[in-house]
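S.K.: Sharing a structure here in structure tokens format.
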Amino acid sequence: MTSADVLILGGGSGGYACALRSAELGLSVILIDKDKLGGTCLHRGCIPTKALLHAAEVADSSRESENFGVKTTLEGIDMPKVNEYRDGVVARLYKGLQGLVKSRNVTFIEGEGKLVAPNTVEVNGVNYTGKNVVLATGSYAKSIPGLEISGRIMTSDQALNLDYVPASVIVLGGGVIGVEFASVWKSFGADVTILEGLPHLVPNEDISVSKALERAYRKRGINFTLGTKFASATQSDTGVEVTLEDGKILSAELLLVAVGRGPNTANMGFEDNGVATERGWVVVNERLATNIPGIFAVGDITPGLQLAHRGFQHGIFVAEEIAGLNPVVIADINIPKVTYCEPEVASVGMNEEEARAAFGDEVNVYEYNLGGNGKSQILGTAGFIKLVAQKDGPVVGIHMVGSRVGEQIGEAQLIVNWEAYPEDVATLIHAHPTQNEAMGEAHLALAGKPLHAHA
Ligand code: NAI
């Protein structure tokens, strides 16, 4: 098949979700990828990194087991074995995804695609056409001008495949990738220093969450400098040397560059065929349509949050849009975010600063400390759940920090996206003893009837 209703370039989270949903809706689909189906998320991002983070949690548990009266000795980290476990997880999911795509009759074409006309993508000399074209080519790990990625200076792509635990690492960038890798390496026994140019770690989060993470990292012995920009780096056979703009020099075995991801849109014929881009990002309207009729773009190549689940939702949205189902517009602000470091960070909706900018004094904020939560005490984690609500109105943001709080994001996103009032949630029952009770307690308090909370 060389022509279809939906022609998708890129088989990552956005592209394959669009393919599956389109097929479900009875549309014919061609899906093109130069690499493995599943993209960054499955092969180089979310899934393999979370497997490493789980291994890191196991290492921490054995290191701290004495606190719980369990005698174990952490002998060390067998990195090839950790990687084998990680690869096993990825391989099983990859196989499942391939089966799924096949069973829905999606035509998968492996090869590098290029847009050669507004309705045509060329792959290895063959032209494929679509009544609709969906660009879903994803993102790549960026570096800083002048900082070449090679040898001991690496991005998450190389860091993920190390077959040893470095003795020391400098992590450039205290955003999501930076704090997650810092967390893994510290748990595996490395000496870690994060360099963040802005005043806080995870600077896109509510400032109280950033501060709590900084406290926790200090306690874990993870070093960081905040508010100082990186100036330069050199490497030798034995290590890297990093100079900051204030003249400070640091050295380590490796340097991880985690300064953001850029859109994969160069040299694929997008601009040549009139698709409007801005600094590499494909410009789309709120219905994910580009300026060229019949061409849509989804996921990381569109400006906004770069998250796999945003890509999935974009893909589903475009499939439904093409099928004429008039799907609901996806607002970035209410997309849940989880950073899987230890302790975890999870949030959805407006942070306090954004809510105050939008509603002035008409904002209520409540922070429920996990110290009052039984299960969190059992796990030995500190942290909190912070609610941001409009006065006499709905909850507009939920911000959490603490071990395993990522698991609370499901209810949190439901509350924010369904515009629930604190009173609505306060009447619902949260099972005891779970960390989820903290969500209930926070809403009880904001509804004016705190239970396990000090005044
Ligand atoms: P990021 O944008 O989250 O963080 C990059 C950090 O580097 C920023 O805090 C920035 O201030 C800092 N920075 C930039 N230039 C600097 C300089 N010259 N000196 C010092 N600091 C500097 O990007 P990151 O962490 O690379 O992640 C890329 C994308 O992947 C993000 O959009 C992230 O959300 C996504 N991702 C999501 C994950 C999740 O949902 N758990 C996991 C990993 C990545």
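Simple scheme: letters A, B, ... for chains in structure tokens order, numbers from 1 for residues in each chain, numbers from 1 for ligands in the order shown.
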Within 7 Å of ligand 1, counting only C-alpha atoms and all ligand atoms: which residues, as a PyMOL selection string?

M.R.: chain A and resi 45-46+141+144+172-178+195-198+201-203+228-230+258-261+305-307+337-340

S.K.: Write out as a ChimeraX atom specification each polymer residue whose atoms come within 9 Å of stretch 433-448 of chain A, counting only C-alpha atoms; drop sequence neighbours fewer than 3 positions from it.

M.R.: /A:364-370,372-376,384-387,389,404-405,407-408,411-412,421-430,451-453

S.K.: Could you take the residues named above and write them with N, CA and C atoms, as an mmCIF file, in the first residue's frame?

M.R.:
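File part.cif, as written:
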```cif
data_model
loop_
_atom_site.group_PDB
_atom_site.id
_atom_site.type_symbol
_atom_site.label_atom_id
_atom_site.label_comp_id
_atom_site.auth_asym_id
_atom_site.auth_seq_id
_atom_site.Cartn_x
_atom_site.Cartn_y
_atom_site.Cartn_z
ATOM 1 N N ASN A 364 -6.789 30.267 47.109
ATOM 2 C CA ASN A 364 -6.561 29.566 48.372
ATOM 3 C C ASN A 364 -5.484 28.516 48.157
ATOM 4 N N VAL A 365 -4.555 28.426 49.119
ATOM 5 C CA VAL A 365 -3.477 27.453 48.993
ATOM 6 C C VAL A 365 -3.430 26.632 50.270
ATOM 7 N N TYR A 366 -3.245 25.319 50.121
ATOM 8 C CA TYR A 366 -3.083 24.491 51.316
ATOM 9 C C TYR A 366 -2.025 23.428 51.058
ATOM 10 N N GLU A 367 -1.155 23.261 52.053
ATOM 11 C CA GLU A 367 -0.082 22.279 51.908
ATOM 12 C C GLU A 367 -0.250 21.207 52.973
ATOM 13 N N TYR A 368 -0.514 19.983 52.572
ATOM 14 C CA TYR A 368 -0.636 18.888 53.541
ATOM 15 C C TYR A 368 0.686 18.149 53.618
ATOM 16 N N ASN A 369 1.260 18.140 54.833
ATOM 17 C CA ASN A 369 2.575 17.533 55.003
ATOM 18 C C ASN A 369 2.455 16.013 55.139
ATOM 19 N N LEU A 370 3.287 15.282 54.399
ATOM 20 C CA LEU A 370 3.218 13.816 54.447
ATOM 21 C C LEU A 370 3.607 13.272 55.826
ATOM 22 N N GLY A 372 2.015 13.725 58.378
ATOM 23 C CA GLY A 372 0.777 13.299 59.025
ATOM 24 C C GLY A 372 0.132 12.099 58.340
ATOM 25 N N ASN A 373 0.819 11.533 57.375
ATOM 26 C CA ASN A 373 0.244 10.433 56.594
ATOM 27 C C ASN A 373 0.901 9.110 56.986
ATOM 28 N N GLY A 374 0.071 8.179 57.429
ATOM 29 C CA GLY A 374 0.590 6.921 57.972
ATOM 30 C C GLY A 374 1.510 6.175 57.020
ATOM 31 N N LYS A 375 1.061 5.976 55.786
ATOM 32 C CA LYS A 375 1.845 5.180 54.841
ATOM 33 C C LYS A 375 3.180 5.864 54.521
ATOM 34 N N SER A 376 3.155 7.186 54.456
ATOM 35 C CA SER A 376 4.410 7.904 54.187
ATOM 36 C C SER A 376 5.383 7.729 55.344
ATOM 37 N N PHE A 384 5.064 16.703 50.643
ATOM 38 C CA PHE A 384 3.738 17.298 50.854
ATOM 39 C C PHE A 384 2.902 17.249 49.586
ATOM 40 N N ILE A 385 1.629 17.500 49.788
ATOM 41 C CA ILE A 385 0.717 17.725 48.665
ATOM 42 C C ILE A 385 0.188 19.142 48.820
ATOM 43 N N LYS A 386 0.407 19.942 47.810
ATOM 44 C CA LYS A 386 -0.022 21.346 47.872
ATOM 45 C C LYS A 386 -1.155 21.571 46.887
ATOM 46 N N LEU A 387 -2.232 22.140 47.397
ATOM 47 C CA LEU A 387 -3.377 22.442 46.534
ATOM 48 C C LEU A 387 -3.435 23.933 46.256
ATOM 49 N N ALA A 389 -6.242 26.543 44.775
ATOM 50 C CA ALA A 389 -7.650 26.618 44.337
ATOM 51 C C ALA A 389 -8.070 28.070 44.188
ATOM 52 N N ARG A 404 7.200 8.094 45.803
ATOM 53 C CA ARG A 404 6.014 7.491 45.180
ATOM 54 C C ARG A 404 4.842 8.429 44.901
ATOM 55 N N VAL A 405 5.018 9.749 45.059
ATOM 56 C CA VAL A 405 3.854 10.631 44.846
ATOM 57 C C VAL A 405 3.402 10.645 43.386
ATOM 58 N N GLU A 407 2.446 8.305 41.792
ATOM 59 C CA GLU A 407 1.258 7.441 41.705
ATOM 60 C C GLU A 407 -0.033 8.194 42.056
ATOM 61 N N GLN A 408 0.087 9.373 42.644
ATOM 62 C CA GLN A 408 -1.110 10.162 43.005
ATOM 63 C C GLN A 408 -1.581 11.057 41.868
ATOM 64 N N GLU A 411 -5.379 10.791 40.290
ATOM 65 C CA GLU A 411 -6.501 11.484 40.917
ATOM 66 C C GLU A 411 -6.325 12.997 40.792
ATOM 67 N N ALA A 412 -5.072 13.439 40.943
ATOM 68 C CA ALA A 412 -4.807 14.881 40.874
ATOM 69 C C ALA A 412 -5.263 15.455 39.535
ATOM 70 N N TYR A 421 -14.345 21.100 43.058
ATOM 71 C CA TYR A 421 -14.171 22.005 44.190
ATOM 72 C C TYR A 421 -13.599 21.171 45.349
ATOM 73 N N PRO A 422 -12.879 21.817 46.273
ATOM 74 C CA PRO A 422 -12.362 21.063 47.425
ATOM 75 C C PRO A 422 -13.479 20.288 48.119
ATOM 76 N N GLU A 423 -14.673 20.901 48.194
ATOM 77 C CA GLU A 423 -15.806 20.265 48.875
ATOM 78 C C GLU A 423 -16.226 18.961 48.163
ATOM 79 N N ASP A 424 -16.106 18.959 46.835
ATOM 80 C CA ASP A 424 -16.471 17.746 46.076
ATOM 81 C C ASP A 424 -15.553 16.593 46.469
ATOM 82 N N VAL A 425 -14.263 16.882 46.547
ATOM 83 C CA VAL A 425 -13.282 15.823 46.820
ATOM 84 C C VAL A 425 -13.359 15.412 48.296
ATOM 85 N N ALA A 426 -13.665 16.381 49.151
ATOM 86 C CA ALA A 426 -13.705 16.115 50.596
ATOM 87 C C ALA A 426 -14.750 15.060 50.947
ATOM 88 N N THR A 427 -15.774 14.898 50.119
ATOM 89 C CA THR A 427 -16.813 13.913 50.440
ATOM 90 C C THR A 427 -16.437 12.513 49.938
ATOM 91 N N LEU A 428 -15.392 12.426 49.155
ATOM 92 C CA LEU A 428 -14.989 11.118 48.603
ATOM 93 C C LEU A 428 -14.036 10.417 49.566
ATOM 94 N N ILE A 429 -14.048 9.084 49.526
ATOM 95 C CA ILE A 429 -13.290 8.322 50.524
ATOM 96 C C ILE A 429 -11.946 7.885 49.969
ATOM 97 N N HIS A 430 -10.910 8.100 50.740
ATOM 98 C CA HIS A 430 -9.558 7.691 50.365
ATOM 99 C C HIS A 430 -9.134 6.558 51.294
ATOM 100 N N LEU A 451 -8.997 16.901 59.106
ATOM 101 C CA LEU A 451 -9.085 15.794 60.060
ATOM 102 C C LEU A 451 -7.722 15.577 60.713
ATOM 103 N N HIS A 452 -6.823 14.872 59.999
ATOM 104 C CA HIS A 452 -5.502 14.650 60.579
ATOM 105 C C HIS A 452 -4.573 15.803 60.226
ATOM 106 N N ALA A 453 -4.947 17.003 60.599
ATOM 107 C CA ALA A 453 -4.089 18.154 60.293
ATOM 108 C C ALA A 453 -4.121 19.108 61.468
#
```

S.K.: Which neighbours of stretch 288-299 of chain A fall inside 7 Å, counting only C-alpha atoms, when residues of the same chain fewer than 4 positions from it are skipped, and could you give them as a VMD selection string?

M.R.: chain A and resid 14 131 to 136 138 275 to 276 282 to 284 306 310 to 311 314 to 315

S.K.: Keeping only N, CA and C atoms, write those residues as a PDB file, in the first residue's frame.

M.R.:
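Wrote part16.pdb, looks like this:
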```pdb
ATOM      1  N   GLY A  14       3.549   9.958  19.795  1.00  0.00           N
ATOM      2  CA  GLY A  14       2.542  10.727  19.053  1.00  0.00           C
ATOM      3  C   GLY A  14       2.116  10.007  17.790  1.00  0.00           C
ATOM      4  N   LYS A 131      -4.137  11.278   2.344  1.00  0.00           N
ATOM      5  CA  LYS A 131      -5.142  12.354   2.275  1.00  0.00           C
ATOM      6  C   LYS A 131      -4.835  13.364   3.376  1.00  0.00           C
ATOM      7  N   ASN A 132      -4.276  12.824   4.468  1.00  0.00           N
ATOM      8  CA  ASN A 132      -3.823  13.675   5.568  1.00  0.00           C
ATOM      9  C   ASN A 132      -2.410  13.233   5.932  1.00  0.00           C
ATOM     10  N   VAL A 133      -1.578  14.206   6.295  1.00  0.00           N
ATOM     11  CA  VAL A 133      -0.214  13.880   6.698  1.00  0.00           C
ATOM     12  C   VAL A 133      -0.023  14.353   8.142  1.00  0.00           C
ATOM     13  N   VAL A 134       0.565  13.473   8.955  1.00  0.00           N
ATOM     14  CA  VAL A 134       0.811  13.837  10.354  1.00  0.00           C
ATOM     15  C   VAL A 134       2.313  13.797  10.616  1.00  0.00           C
ATOM     16  N   LEU A 135       2.870  14.926  11.000  1.00  0.00           N
ATOM     17  CA  LEU A 135       4.306  15.004  11.305  1.00  0.00           C
ATOM     18  C   LEU A 135       4.488  14.701  12.784  1.00  0.00           C
ATOM     19  N   ALA A 136       5.306  13.697  13.069  1.00  0.00           N
ATOM     20  CA  ALA A 136       5.468  13.250  14.464  1.00  0.00           C
ATOM     21  C   ALA A 136       6.914  12.798  14.679  1.00  0.00           C
ATOM     22  N   GLY A 138       9.362  13.969  16.596  1.00  0.00           N
ATOM     23  CA  GLY A 138       9.970  13.938  17.927  1.00  0.00           C
ATOM     24  C   GLY A 138      11.089  14.929  18.179  1.00  0.00           C
ATOM     25  N   VAL A 275       5.594  24.332   5.174  1.00  0.00           N
ATOM     26  CA  VAL A 275       5.117  24.180   6.556  1.00  0.00           C
ATOM     27  C   VAL A 275       5.822  25.239   7.420  1.00  0.00           C
ATOM     28  N   ALA A 276       5.038  26.050   8.108  1.00  0.00           N
ATOM     29  CA  ALA A 276       5.618  27.135   8.912  1.00  0.00           C
ATOM     30  C   ALA A 276       6.284  26.565  10.161  1.00  0.00           C
ATOM     31  N   VAL A 282       7.379  23.164  14.762  1.00  0.00           N
ATOM     32  CA  VAL A 282       6.308  23.276  13.776  1.00  0.00           C
ATOM     33  C   VAL A 282       5.166  24.070  14.410  1.00  0.00           C
ATOM     34  N   VAL A 283       4.775  25.122  13.720  1.00  0.00           N
ATOM     35  CA  VAL A 283       3.713  25.978  14.255  1.00  0.00           C
ATOM     36  C   VAL A 283       2.354  25.311  13.982  1.00  0.00           C
ATOM     37  N   VAL A 284       1.571  25.149  15.041  1.00  0.00           N
ATOM     38  CA  VAL A 284       0.237  24.556  14.881  1.00  0.00           C
ATOM     39  C   VAL A 284      -0.798  25.428  15.594  1.00  0.00           C
ATOM     40  N   GLN A 306       7.199  18.720  26.564  1.00  0.00           N
ATOM     41  CA  GLN A 306       7.676  17.555  25.797  1.00  0.00           C
ATOM     42  C   GLN A 306       7.481  16.314  26.647  1.00  0.00           C
ATOM     43  N   ARG A 310       1.602  13.580  26.417  1.00  0.00           N
ATOM     44  CA  ARG A 310       1.056  14.675  25.595  1.00  0.00           C
ATOM     45  C   ARG A 310       1.070  14.216  24.134  1.00  0.00           C
ATOM     46  N   GLY A 311       2.162  13.555  23.746  1.00  0.00           N
ATOM     47  CA  GLY A 311       2.259  13.027  22.381  1.00  0.00           C
ATOM     48  C   GLY A 311       1.124  12.044  22.090  1.00  0.00           C
ATOM     49  N   HIS A 314      -2.050  13.981  21.707  1.00  0.00           N
ATOM     50  CA  HIS A 314      -2.037  14.693  20.421  1.00  0.00           C
ATOM     51  C   HIS A 314      -2.376  13.733  19.274  1.00  0.00           C
ATOM     52  N   GLY A 315      -1.756  12.562  19.318  1.00  0.00           N
ATOM     53  CA  GLY A 315      -1.963  11.583  18.245  1.00  0.00           C
ATOM     54  C   GLY A 315      -3.420  11.174  18.165  1.00  0.00           C
TER      55      GLY A 315
END
```

S.K.: Please identify the strand (DSSP E or B) residues within stretch 174-359 of chain A (assignment by DSSP from backbone atoms) and present them as a ChimeraX atom specification.

M.R.: /A:191-196,223-226,230-235,240-244,249-252,254-257,261-263,277-278,281-282,289,295-297,337-339,344-349

S.K.: Restricting the calculation to only C-alpha atoms, which member of A:Arg63, A:Arg92, A:Arg44, A:Lys114 is positioned closest to A:Leu160?

M.R.: A:Arg44

S.K.: Taking 5 positions as the minimum chain separation for residues in the same chain, which residues sit within 10 Å of A:Thr238 when counting only C-alpha atoms? Answer as number ranges by chain.

M.R.: A: 152, 252-254

S.K.: Could you write those residues out with C-alpha atoms, as a tab-separated table (two decimals), in the first residue's frame?

M.R.:
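File written: part_4.tsv
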```tsv
chain	number	residue	atom	x	y	z
A	152	ARG	CA	33.12	11.74	28.39
A	252	ALA	CA	34.56	14.55	37.37
A	253	GLU	CA	34.75	11.37	35.37
A	254	LEU	CA	31.81	12.31	33.11
```

S.K.: Skip A:Cys341 itself and residues of its chain fewer than 4 positions away, then list as a list in words all residues within 9 Å of it, counting only C-alpha atoms.

M.R.: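 Final neighbour list, sorted by chain and number: Leu53, Val176, Val179, Glu180, Phe181, Ala182, Ser183, Val184, Val345 and Ser403 of chain A.
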
S.K.: Would you work out the distance separating atom CA of A:Leu7 from atom CA of A:Lys36, expressed in Å to one decimal?

M.R.: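 About the pair atom CA of A:Leu7 and atom CA of A:Lys36: they are 17.3 Å apart.
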
S.K.: Between A:Glu321, A:Asp5, A:Glu354, A:Glu362, which one has atoms that come closest to A:Thr107, using only C-alpha atoms?

M.R.: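 Nearest to A:Thr107: A:Asp5.
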
S.K.: May I ask for the distance between atom CA of A:Ile322 and atom CA of A:Val121, given in Å to one decimal place?

M.R.: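 Atom CA of A:Val121 lies 18.4 Å from atom CA of A:Ile322.
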
S.K.: Might you pull out every residue within 9 Å of A:Tyr217, with only C-alpha atoms counted and same-chain residues fewer than 5 positions away left off, and present them as a ChimeraX atom specification?

M.R.: /A:183,212,222-224,342-343
